[in-house]
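Student: Quick one: the structure is below, and I'll ask about it shortly.
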Amino acid sequence: MKSWARWIYLLAVAAATFVAVSSISQAIRQGSWSPIVSVGWIPAVVVAAWPGAHRRCLHRRSTGTS
């Protein structure tokens with residue numbers, strides 16, 4: 001992995017962590033689950049965009065029959 005790409009991923013993880021901690025602290029202040037529910041989609045996006053997630057896809061085999 002290139003060093004610039006590593007910095008981008010590190011920045012994305014730091015931003016996601018900041019948003020998660022902010023929403024948790026806001027939920028505690030409000031006494032409500034709504035701040036956490038509103039950012040609940042972020043982990044799914046991070047997992048889907050993580051490098052290497054596409055490697056598990058299976059490719060079709062050509063049977064070679066004519």
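A note on labels: chains of the structure tokens are A, B, ... as shown, every chain counts residues from 1, and ligands are counted from 1 in their shown order.
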Determine, counting only C-alpha atoms, which protein, DNA and RNA residues have an atom within 12 Å of an atom of A:Val13; residues of the same chain fewer than 4 positions away are not included. Present the result as a PyMOL selection string.
Tutor: chain A and resi 6-9+17-20+42-43+45-47+49-50
Student: One decimal, Å: what's the distance from atom CA of A:Pro35 over to atom CA of A:Ser23, could you say?
Tutor: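 Here the two named atoms are 5.4 Å from each other.
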Student: Could you check how far atom CA of A:Ala48 sits from atom CA of A:Ala15, in Å to one decimal?
Tutor: 16.3 Å
Student: A:Gln26: which residues within 9 Å, counting only C-alpha atoms, same-chain residues fewer than 5 positions away excluded, as a PyMOL selection string?
Tutor: chain A and resi 21+31-32+35-36
Student: Would you save the residues from that selection as a PDB file, in the first residue's frame, using N, CA and C atoms?
Tutor:
```pdb
ATOM      1  N   VAL A  21     -17.553   8.853  18.768  1.00  0.00           N
ATOM      2  CA  VAL A  21     -17.409   9.326  20.146  1.00  0.00           C
ATOM      3  C   VAL A  21     -18.298  10.549  20.379  1.00  0.00           C
ATOM      4  N   GLY A  31     -29.740  11.817  26.877  1.00  0.00           N
ATOM      5  CA  GLY A  31     -30.466  10.709  27.472  1.00  0.00           C
ATOM      6  C   GLY A  31     -31.341  10.003  26.449  1.00  0.00           C
ATOM      7  N   SER A  32     -30.875   9.957  25.201  1.00  0.00           N
ATOM      8  CA  SER A  32     -31.653   9.384  24.106  1.00  0.00           C
ATOM      9  C   SER A  32     -30.731   8.582  23.198  1.00  0.00           C
ATOM     10  N   PRO A  35     -29.089  10.037  18.672  1.00  0.00           N
ATOM     11  CA  PRO A  35     -27.810  10.378  18.034  1.00  0.00           C
ATOM     12  C   PRO A  35     -27.025   9.157  17.560  1.00  0.00           C
ATOM     13  N   ILE A  36     -27.119   8.074  18.311  1.00  0.00           N
ATOM     14  CA  ILE A  36     -26.400   6.859  17.915  1.00  0.00           C
ATOM     15  C   ILE A  36     -27.068   6.207  16.720  1.00  0.00           C
TER      16      ILE A  36
END
```
